[in-house]
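Next up, my_file-v4.txt (compact mmCIF, N, CA and C atoms):
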```
# COMPACT_ATOMS: atom_id res chain seq x y z
N MET A 1 -26.86 -9.91 -0.11
CA MET A 1 -27.61 -11.02 -0.68
C MET A 1 -28.38 -10.51 -1.89
N ILE A 2 -28.22 -11.19 -3.00
CA ILE A 2 -28.91 -10.81 -4.23
C ILE A 2 -30.23 -11.55 -4.36
N TYR A 3 -30.20 -12.84 -4.03
CA TYR A 3 -31.38 -13.68 -4.19
C TYR A 3 -31.29 -14.83 -3.19
N GLU A 4 -32.47 -15.31 -2.77
CA GLU A 4 -32.51 -16.44 -1.86
C GLU A 4 -33.83 -17.17 -2.05
N ASN A 5 -33.77 -18.51 -2.01
CA ASN A 5 -34.97 -19.32 -1.93
C ASN A 5 -34.73 -20.39 -0.86
N ASP A 6 -35.53 -21.41 -0.80
CA ASP A 6 -35.39 -22.41 0.25
C ASP A 6 -34.15 -23.29 0.10
N PHE A 7 -33.51 -23.28 -1.09
CA PHE A 7 -32.44 -24.23 -1.36
C PHE A 7 -31.09 -23.61 -1.69
N LEU A 8 -31.10 -22.36 -2.16
CA LEU A 8 -29.83 -21.73 -2.50
C LEU A 8 -29.93 -20.22 -2.33
N TYR A 9 -28.77 -19.57 -2.41
CA TYR A 9 -28.73 -18.11 -2.35
C TYR A 9 -27.59 -17.61 -3.23
N ILE A 10 -27.71 -16.35 -3.64
CA ILE A 10 -26.72 -15.72 -4.50
C ILE A 10 -26.18 -14.48 -3.80
N GLU A 11 -24.85 -14.37 -3.80
CA GLU A 11 -24.16 -13.22 -3.20
C GLU A 11 -23.24 -12.57 -4.23
N LYS A 12 -22.94 -11.31 -4.01
CA LYS A 12 -21.94 -10.59 -4.80
C LYS A 12 -20.56 -10.84 -4.17
N GLU A 13 -19.57 -11.04 -5.01
CA GLU A 13 -18.17 -11.07 -4.57
C GLU A 13 -17.60 -9.69 -4.86
N ASN A 14 -17.00 -9.06 -3.88
CA ASN A 14 -16.39 -7.75 -4.10
C ASN A 14 -15.13 -7.93 -4.92
N SER A 15 -15.12 -7.33 -6.10
CA SER A 15 -14.03 -7.53 -7.05
C SER A 15 -14.04 -6.41 -8.08
N GLN A 16 -12.96 -6.33 -8.84
CA GLN A 16 -12.89 -5.39 -9.95
C GLN A 16 -13.91 -5.76 -11.03
N ILE A 17 -14.21 -7.03 -11.15
CA ILE A 17 -15.11 -7.52 -12.20
C ILE A 17 -16.47 -7.88 -11.61
N PRO A 18 -17.50 -7.96 -12.42
CA PRO A 18 -18.80 -8.46 -11.96
C PRO A 18 -18.67 -9.96 -11.64
N TRP A 19 -18.99 -10.32 -10.38
CA TRP A 19 -18.71 -11.68 -9.91
C TRP A 19 -19.76 -12.03 -8.87
N ILE A 20 -20.44 -13.14 -9.10
CA ILE A 20 -21.41 -13.61 -8.12
C ILE A 20 -21.07 -15.03 -7.70
N LYS A 21 -21.62 -15.42 -6.55
CA LYS A 21 -21.44 -16.77 -6.04
C LYS A 21 -22.82 -17.35 -5.72
N ILE A 22 -23.02 -18.58 -6.13
CA ILE A 22 -24.29 -19.27 -5.91
C ILE A 22 -24.01 -20.43 -4.94
N PHE A 23 -24.64 -20.37 -3.76
CA PHE A 23 -24.41 -21.36 -2.70
C PHE A 23 -25.65 -22.22 -2.47
N THR A 24 -25.43 -23.47 -2.10
CA THR A 24 -26.53 -24.27 -1.56
C THR A 24 -26.72 -23.85 -0.11
N LYS A 25 -27.95 -23.87 0.36
CA LYS A 25 -28.21 -23.51 1.76
C LYS A 25 -27.75 -24.61 2.71
N GLU A 26 -28.00 -25.84 2.31
CA GLU A 26 -27.55 -26.95 3.12
C GLU A 26 -26.08 -27.22 2.81
N SER A 27 -25.35 -27.70 3.79
CA SER A 27 -23.90 -27.90 3.64
C SER A 27 -23.55 -29.20 2.93
N TYR A 28 -23.88 -29.28 1.64
CA TYR A 28 -23.44 -30.42 0.85
C TYR A 28 -21.97 -30.22 0.53
N LYS A 29 -21.17 -31.26 0.71
CA LYS A 29 -19.74 -31.13 0.46
C LYS A 29 -19.40 -31.21 -1.03
N GLU A 30 -20.08 -32.09 -1.74
CA GLU A 30 -19.83 -32.27 -3.17
C GLU A 30 -21.13 -32.12 -3.95
N LEU A 31 -21.03 -31.74 -5.21
CA LEU A 31 -22.20 -31.59 -6.05
C LEU A 31 -23.00 -32.89 -6.09
N SER A 32 -22.32 -34.02 -6.15
CA SER A 32 -23.02 -35.31 -6.21
C SER A 32 -23.76 -35.63 -4.91
N ASP A 33 -23.46 -34.93 -3.83
CA ASP A 33 -24.19 -35.11 -2.56
C ASP A 33 -25.54 -34.40 -2.59
N CYS A 34 -25.71 -33.45 -3.48
CA CYS A 34 -26.97 -32.69 -3.57
C CYS A 34 -28.05 -33.57 -4.19
N PRO A 35 -29.28 -33.42 -3.71
CA PRO A 35 -30.39 -34.07 -4.40
C PRO A 35 -30.43 -33.60 -5.86
N ILE A 36 -30.92 -34.45 -6.72
CA ILE A 36 -30.93 -34.15 -8.16
C ILE A 36 -31.67 -32.86 -8.46
N PHE A 37 -32.77 -32.58 -7.77
CA PHE A 37 -33.50 -31.34 -8.06
C PHE A 37 -32.67 -30.10 -7.72
N ILE A 38 -31.81 -30.20 -6.70
CA ILE A 38 -30.92 -29.07 -6.37
C ILE A 38 -29.80 -28.97 -7.40
N GLN A 39 -29.27 -30.10 -7.87
CA GLN A 39 -28.27 -30.07 -8.93
C GLN A 39 -28.83 -29.34 -10.15
N LYS A 40 -30.05 -29.69 -10.54
CA LYS A 40 -30.69 -29.05 -11.69
C LYS A 40 -30.91 -27.57 -11.43
N MET A 41 -31.37 -27.23 -10.22
CA MET A 41 -31.60 -25.83 -9.88
C MET A 41 -30.30 -25.04 -9.96
N LEU A 42 -29.21 -25.60 -9.44
CA LEU A 42 -27.90 -24.93 -9.51
C LEU A 42 -27.52 -24.65 -10.95
N PHE A 43 -27.64 -25.65 -11.82
CA PHE A 43 -27.26 -25.44 -13.21
C PHE A 43 -28.16 -24.43 -13.90
N ASP A 44 -29.45 -24.47 -13.59
CA ASP A 44 -30.36 -23.46 -14.14
C ASP A 44 -29.93 -22.05 -13.72
N PHE A 45 -29.57 -21.90 -12.45
CA PHE A 45 -29.17 -20.59 -11.95
C PHE A 45 -27.80 -20.17 -12.48
N ILE A 46 -26.90 -21.11 -12.65
CA ILE A 46 -25.60 -20.80 -13.25
C ILE A 46 -25.81 -20.30 -14.68
N LEU A 47 -26.63 -20.99 -15.44
CA LEU A 47 -26.85 -20.60 -16.83
C LEU A 47 -27.56 -19.25 -16.94
N ILE A 48 -28.55 -19.01 -16.11
CA ILE A 48 -29.25 -17.71 -16.17
C ILE A 48 -28.32 -16.59 -15.72
N SER A 49 -27.42 -16.89 -14.78
CA SER A 49 -26.42 -15.89 -14.35
C SER A 49 -25.46 -15.59 -15.47
N GLU A 50 -24.98 -16.63 -16.15
CA GLU A 50 -24.07 -16.43 -17.28
C GLU A 50 -24.74 -15.58 -18.37
N LYS A 51 -25.95 -15.96 -18.73
CA LYS A 51 -26.67 -15.22 -19.78
C LYS A 51 -26.91 -13.76 -19.38
N SER A 52 -27.23 -13.54 -18.12
CA SER A 52 -27.47 -12.18 -17.63
C SER A 52 -26.19 -11.35 -17.67
N LEU A 53 -25.06 -11.94 -17.25
CA LEU A 53 -23.78 -11.24 -17.31
C LEU A 53 -23.42 -10.89 -18.75
N LYS A 54 -23.61 -11.84 -19.67
CA LYS A 54 -23.32 -11.60 -21.08
C LYS A 54 -24.19 -10.48 -21.63
N GLU A 55 -25.48 -10.53 -21.33
CA GLU A 55 -26.41 -9.52 -21.85
C GLU A 55 -26.10 -8.13 -21.31
N TYR A 56 -25.81 -8.05 -20.02
CA TYR A 56 -25.66 -6.74 -19.38
C TYR A 56 -24.27 -6.13 -19.59
N TYR A 57 -23.22 -6.95 -19.51
CA TYR A 57 -21.86 -6.42 -19.55
C TYR A 57 -21.12 -6.64 -20.86
N ASN A 58 -21.58 -7.58 -21.70
CA ASN A 58 -20.88 -7.92 -22.94
C ASN A 58 -19.39 -8.19 -22.68
N PRO A 59 -19.09 -9.14 -21.80
CA PRO A 59 -17.69 -9.41 -21.46
C PRO A 59 -16.95 -10.17 -22.55
N GLU A 60 -15.64 -10.21 -22.43
CA GLU A 60 -14.81 -11.01 -23.32
C GLU A 60 -15.10 -12.50 -23.11
N LYS A 61 -15.32 -12.89 -21.84
CA LYS A 61 -15.48 -14.30 -21.47
C LYS A 61 -16.22 -14.39 -20.15
N ILE A 62 -16.92 -15.49 -19.94
CA ILE A 62 -17.52 -15.80 -18.64
C ILE A 62 -16.71 -16.93 -18.03
N ASN A 63 -16.33 -16.79 -16.78
CA ASN A 63 -15.67 -17.88 -16.05
C ASN A 63 -16.64 -18.44 -15.03
N ILE A 64 -16.68 -19.76 -14.94
CA ILE A 64 -17.48 -20.46 -13.94
C ILE A 64 -16.54 -21.40 -13.21
N ALA A 65 -16.55 -21.33 -11.87
CA ALA A 65 -15.62 -22.14 -11.09
C ALA A 65 -16.31 -22.70 -9.85
N SER A 66 -15.80 -23.85 -9.43
CA SER A 66 -16.25 -24.44 -8.17
C SER A 66 -15.09 -25.19 -7.57
N PHE A 67 -14.57 -24.69 -6.45
CA PHE A 67 -13.46 -25.35 -5.77
C PHE A 67 -13.90 -25.87 -4.42
N ALA A 68 -14.42 -25.00 -3.60
CA ALA A 68 -14.93 -25.34 -2.27
C ALA A 68 -13.88 -26.00 -1.38
N ASN A 69 -12.65 -25.58 -1.50
CA ASN A 69 -11.61 -26.08 -0.60
C ASN A 69 -11.60 -25.33 0.72
N TYR A 70 -11.71 -24.02 0.66
CA TYR A 70 -11.74 -23.20 1.87
C TYR A 70 -13.13 -23.15 2.48
N VAL A 71 -14.15 -23.13 1.64
CA VAL A 71 -15.54 -23.13 2.10
C VAL A 71 -16.13 -24.47 1.64
N PRO A 72 -16.09 -25.48 2.50
CA PRO A 72 -16.51 -26.83 2.07
C PRO A 72 -18.02 -26.98 1.94
N ARG A 73 -18.60 -26.16 1.11
CA ARG A 73 -20.03 -26.21 0.79
C ARG A 73 -20.14 -26.01 -0.72
N VAL A 74 -21.04 -26.74 -1.34
CA VAL A 74 -21.21 -26.60 -2.78
C VAL A 74 -21.56 -25.15 -3.10
N HIS A 75 -20.76 -24.56 -3.97
CA HIS A 75 -21.04 -23.23 -4.48
C HIS A 75 -20.28 -23.01 -5.78
N PHE A 76 -20.80 -22.10 -6.57
CA PHE A 76 -20.21 -21.78 -7.87
C PHE A 76 -19.94 -20.30 -7.98
N HIS A 77 -18.83 -19.97 -8.61
CA HIS A 77 -18.46 -18.59 -8.92
C HIS A 77 -18.79 -18.36 -10.39
N VAL A 78 -19.46 -17.26 -10.69
CA VAL A 78 -19.77 -16.90 -12.07
C VAL A 78 -19.26 -15.47 -12.26
N MET A 79 -18.33 -15.30 -13.20
CA MET A 79 -17.60 -14.04 -13.35
C MET A 79 -17.60 -13.56 -14.79
N ALA A 80 -17.80 -12.26 -14.97
CA ALA A 80 -17.63 -11.64 -16.29
C ALA A 80 -16.18 -11.17 -16.39
N ARG A 81 -15.51 -11.57 -17.46
CA ARG A 81 -14.09 -11.25 -17.63
C ARG A 81 -13.88 -10.32 -18.82
N PHE A 82 -12.89 -9.45 -18.67
CA PHE A 82 -12.59 -8.43 -19.67
C PHE A 82 -11.09 -8.42 -19.93
N LYS A 83 -10.70 -8.17 -21.18
CA LYS A 83 -9.27 -8.14 -21.53
C LYS A 83 -8.49 -7.16 -20.66
N GLU A 84 -9.18 -6.10 -20.19
CA GLU A 84 -8.51 -5.06 -19.41
C GLU A 84 -8.51 -5.34 -17.91
N ASP A 85 -9.18 -6.42 -17.45
CA ASP A 85 -9.19 -6.65 -16.00
C ASP A 85 -7.79 -7.06 -15.54
N ALA A 86 -7.52 -6.87 -14.29
CA ALA A 86 -6.16 -6.99 -13.77
C ALA A 86 -5.56 -8.39 -13.91
N PHE A 87 -6.38 -9.41 -14.06
CA PHE A 87 -5.88 -10.78 -14.09
C PHE A 87 -5.98 -11.45 -15.46
N PHE A 88 -6.79 -10.91 -16.36
CA PHE A 88 -7.02 -11.55 -17.66
C PHE A 88 -5.73 -11.74 -18.43
N PRO A 89 -5.46 -12.88 -19.04
CA PRO A 89 -6.31 -14.04 -19.21
C PRO A 89 -6.20 -15.08 -18.08
N GLU A 90 -5.43 -14.78 -17.05
CA GLU A 90 -5.33 -15.69 -15.91
C GLU A 90 -6.67 -15.76 -15.18
N CYS A 91 -6.85 -16.80 -14.37
CA CYS A 91 -8.04 -16.86 -13.53
C CYS A 91 -7.90 -15.81 -12.42
N MET A 92 -9.01 -15.50 -11.77
CA MET A 92 -9.00 -14.47 -10.74
C MET A 92 -8.19 -14.87 -9.50
N TRP A 93 -7.83 -16.12 -9.38
CA TRP A 93 -6.98 -16.57 -8.28
C TRP A 93 -5.54 -16.71 -8.73
N GLY A 94 -5.28 -16.36 -10.00
CA GLY A 94 -3.94 -16.51 -10.57
C GLY A 94 -3.08 -15.29 -10.33
N LYS A 95 -2.08 -15.15 -11.19
CA LYS A 95 -1.12 -14.04 -11.07
C LYS A 95 -1.69 -12.80 -11.75
N GLN A 96 -1.67 -11.70 -11.01
CA GLN A 96 -2.14 -10.43 -11.56
C GLN A 96 -1.27 -10.05 -12.75
N GLN A 97 -1.89 -9.64 -13.85
CA GLN A 97 -1.19 -9.36 -15.10
C GLN A 97 -0.87 -7.88 -15.32
N ARG A 98 -1.66 -7.02 -14.69
CA ARG A 98 -1.49 -5.58 -14.89
C ARG A 98 -2.08 -4.84 -13.70
N LYS A 99 -1.78 -3.56 -13.62
CA LYS A 99 -2.32 -2.73 -12.55
C LYS A 99 -3.85 -2.67 -12.66
N MET A 100 -4.51 -2.74 -11.51
CA MET A 100 -5.97 -2.68 -11.49
C MET A 100 -6.41 -1.25 -11.82
N LYS A 101 -7.42 -1.16 -12.69
CA LYS A 101 -7.96 0.15 -13.05
C LYS A 101 -9.48 0.04 -13.12
N ASP A 102 -10.13 1.17 -13.16
CA ASP A 102 -11.57 1.20 -13.29
C ASP A 102 -11.93 0.74 -14.71
N LEU A 103 -12.81 -0.25 -14.81
CA LEU A 103 -13.20 -0.77 -16.11
C LEU A 103 -14.38 -0.01 -16.73
N ASN A 104 -14.90 0.99 -16.01
CA ASN A 104 -16.02 1.80 -16.49
C ASN A 104 -17.19 0.93 -16.96
N LEU A 105 -17.60 0.02 -16.11
CA LEU A 105 -18.70 -0.89 -16.42
C LEU A 105 -20.03 -0.32 -15.94
N PRO A 106 -21.12 -0.76 -16.55
CA PRO A 106 -22.44 -0.36 -16.05
C PRO A 106 -22.60 -0.81 -14.59
N SER A 107 -23.54 -0.22 -13.89
CA SER A 107 -23.69 -0.47 -12.45
C SER A 107 -24.06 -1.92 -12.14
N PHE A 108 -23.54 -2.40 -11.04
CA PHE A 108 -23.88 -3.75 -10.58
C PHE A 108 -25.35 -3.82 -10.19
N GLU A 109 -25.89 -2.72 -9.69
CA GLU A 109 -27.31 -2.69 -9.31
C GLU A 109 -28.20 -2.94 -10.52
N GLY A 110 -27.84 -2.39 -11.66
CA GLY A 110 -28.59 -2.64 -12.89
C GLY A 110 -28.51 -4.10 -13.30
N PHE A 111 -27.32 -4.69 -13.15
CA PHE A 111 -27.18 -6.12 -13.43
C PHE A 111 -28.06 -6.93 -12.50
N THR A 112 -28.07 -6.58 -11.22
CA THR A 112 -28.88 -7.31 -10.24
C THR A 112 -30.36 -7.30 -10.64
N LEU A 113 -30.85 -6.15 -11.07
CA LEU A 113 -32.26 -6.07 -11.51
C LEU A 113 -32.51 -7.00 -12.69
N LEU A 114 -31.60 -7.02 -13.65
CA LEU A 114 -31.75 -7.91 -14.80
C LEU A 114 -31.70 -9.37 -14.37
N LEU A 115 -30.74 -9.71 -13.51
CA LEU A 115 -30.62 -11.09 -13.03
C LEU A 115 -31.90 -11.54 -12.33
N LEU A 116 -32.43 -10.70 -11.45
CA LEU A 116 -33.66 -11.06 -10.74
C LEU A 116 -34.84 -11.22 -11.70
N LYS A 117 -34.93 -10.36 -12.70
CA LYS A 117 -35.97 -10.49 -13.71
C LYS A 117 -35.83 -11.82 -14.44
N ASN A 118 -34.60 -12.17 -14.81
CA ASN A 118 -34.36 -13.41 -15.55
C ASN A 118 -34.59 -14.64 -14.67
N ILE A 119 -34.27 -14.54 -13.39
CA ILE A 119 -34.57 -15.65 -12.45
C ILE A 119 -36.07 -15.85 -12.36
N ARG A 120 -36.80 -14.76 -12.22
CA ARG A 120 -38.27 -14.87 -12.15
C ARG A 120 -38.83 -15.56 -13.39
N SER A 121 -38.23 -15.32 -14.53
CA SER A 121 -38.73 -15.93 -15.77
C SER A 121 -38.55 -17.45 -15.78
N ILE A 122 -37.57 -17.96 -15.05
CA ILE A 122 -37.39 -19.42 -15.03
C ILE A 122 -38.11 -20.08 -13.86
N ILE A 123 -38.40 -19.33 -12.81
CA ILE A 123 -39.10 -19.95 -11.68
C ILE A 123 -40.60 -19.80 -11.77
N ASP A 124 -41.08 -18.87 -12.60
CA ASP A 124 -42.53 -18.68 -12.74
C ASP A 124 -43.12 -19.60 -13.82
N VAL A 125 -42.26 -20.34 -14.49
CA VAL A 125 -42.73 -21.23 -15.57
C VAL A 125 -43.44 -22.43 -15.02
```
Would you mind writing the structure in this file as structure tokens?
Amino acid sequence: MIYENDFLYIEKENSQIPWIKIFTKESYKELSDCPIFIQKMLFDFILISEKSLKEYYNPEKINIASFANYVPRVHFHVMARFKEDAFFPECMWGKQQRKMKDLNLPSFEGFTLLLLKNIRSIIDV
């Protein structure tokens, strides 16, 4: 668990790339089922996650996804993508394009510290 409050939590997805998932705590099936303040909170956290990934990793692209077919709870995937990652330019659920290799990225722990600092900056306002 990276972060948690009364309404949502953030987890790391184990992957070749930096990838986090933002979940609602309550089992809302669709985004439109969430109260408006939670919808806003989700988007605020998605944006701060995207900005933090860009700042820390300088990726080629950020991918944001929400399917919730297997896990029928509102959640978003936020991923830093690199030309050298095994799936690029396909999505991470697509066809692997090349052999997986170490991308020599900065530590995920360092990213987590930056993300938490940036989250604090939006919730302390």
* Find, counting all atoms listed in the file, the residue in A:Leu53, A:Ile123, A:Leu115, A:Ile10 that gets nearest to Ile22 in chain A. => A:Ile10
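Coordinates place atom N of Asp33 in chain A at a distance of 24.7 Å from CA of Ile2 in chain A.
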* Using only C-alpha atoms, find all polymer residues with an atom at most 8 Å away from the point (-16.5, -3.2, -15.9); report them as a ChimeraX atom specification. => /A:16-18,57,82,102-106
* To do: Using CA of Pro89 in chain A and CA of Lys61 in chain A as the two end points, give the distance in Å to one decimal.
  =>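 For CA of Pro89 in chain A relative to CA of Lys61 in chain A, the distance reads 9.4 Å.
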* Mind listing the helix (DSSP H, G or I) residues of range 27-106 of chain A, per DSSP on the backbone, as a list in words? => Leu31, Ser32, Asp33, Ile36, Phe37, Ile38, Gln39, Lys40, Met41, Leu42, Phe43, Asp44, Phe45, Ile46, Leu47, Ile48, Ser49, Glu50, Lys51, Ser52, Leu53, Lys54, Glu55, Tyr56 and Tyr57 of chain A
Find the residues with any atom within 7 Å of (-20.9, -10.7, -11.4); use only N, CA and C atoms and the coordinates as given in the file, and write the answer as a PDB file with N, CA and C atoms, in the frame of the given file.
```
ATOM      1  N   LYS A  12     -22.940 -11.310  -4.010  1.00  0.00           N
ATOM      2  CA  LYS A  12     -21.940 -10.590  -4.800  1.00  0.00           C
ATOM      3  C   LYS A  12     -20.560 -10.840  -4.170  1.00  0.00           C
ATOM      4  N   GLU A  13     -19.570 -11.040  -5.010  1.00  0.00           N
ATOM      5  CA  GLU A  13     -18.170 -11.070  -4.570  1.00  0.00           C
ATOM      6  C   GLU A  13     -17.600  -9.690  -4.860  1.00  0.00           C
ATOM      7  N   ILE A  17     -14.210  -7.030 -11.150  1.00  0.00           N
ATOM      8  CA  ILE A  17     -15.110  -7.520 -12.200  1.00  0.00           C
ATOM      9  C   ILE A  17     -16.470  -7.880 -11.610  1.00  0.00           C
ATOM     10  N   PRO A  18     -17.500  -7.960 -12.420  1.00  0.00           N
ATOM     11  CA  PRO A  18     -18.800  -8.460 -11.960  1.00  0.00           C
ATOM     12  C   PRO A  18     -18.670  -9.960 -11.640  1.00  0.00           C
ATOM     13  N   TRP A  19     -18.990 -10.320 -10.380  1.00  0.00           N
ATOM     14  CA  TRP A  19     -18.710 -11.680  -9.910  1.00  0.00           C
ATOM     15  C   TRP A  19     -19.760 -12.030  -8.870  1.00  0.00           C
ATOM     16  N   ILE A  20     -20.440 -13.140  -9.100  1.00  0.00           N
ATOM     17  CA  ILE A  20     -21.410 -13.610  -8.120  1.00  0.00           C
ATOM     18  C   ILE A  20     -21.070 -15.030  -7.700  1.00  0.00           C
ATOM     19  N   LYS A  21     -21.620 -15.420  -6.550  1.00  0.00           N
ATOM     20  CA  LYS A  21     -21.440 -16.770  -6.040  1.00  0.00           C
ATOM     21  C   LYS A  21     -22.820 -17.350  -5.720  1.00  0.00           C
ATOM     22  N   LEU A  53     -25.060 -11.940 -17.250  1.00  0.00           N
ATOM     23  CA  LEU A  53     -23.780 -11.240 -17.310  1.00  0.00           C
ATOM     24  C   LEU A  53     -23.420 -10.890 -18.750  1.00  0.00           C
ATOM     25  N   VAL A  78     -19.460 -17.260 -10.690  1.00  0.00           N
ATOM     26  CA  VAL A  78     -19.770 -16.900 -12.070  1.00  0.00           C
ATOM     27  C   VAL A  78     -19.260 -15.470 -12.260  1.00  0.00           C
ATOM     28  N   MET A  79     -18.330 -15.300 -13.200  1.00  0.00           N
ATOM     29  CA  MET A  79     -17.600 -14.040 -13.350  1.00  0.00           C
ATOM     30  C   MET A  79     -17.600 -13.560 -14.790  1.00  0.00           C
ATOM     31  N   ALA A  80     -17.800 -12.260 -14.970  1.00  0.00           N
ATOM     32  CA  ALA A  80     -17.630 -11.640 -16.290  1.00  0.00           C
ATOM     33  C   ALA A  80     -16.180 -11.170 -16.390  1.00  0.00           C
TER      34      ALA A  80
END
```
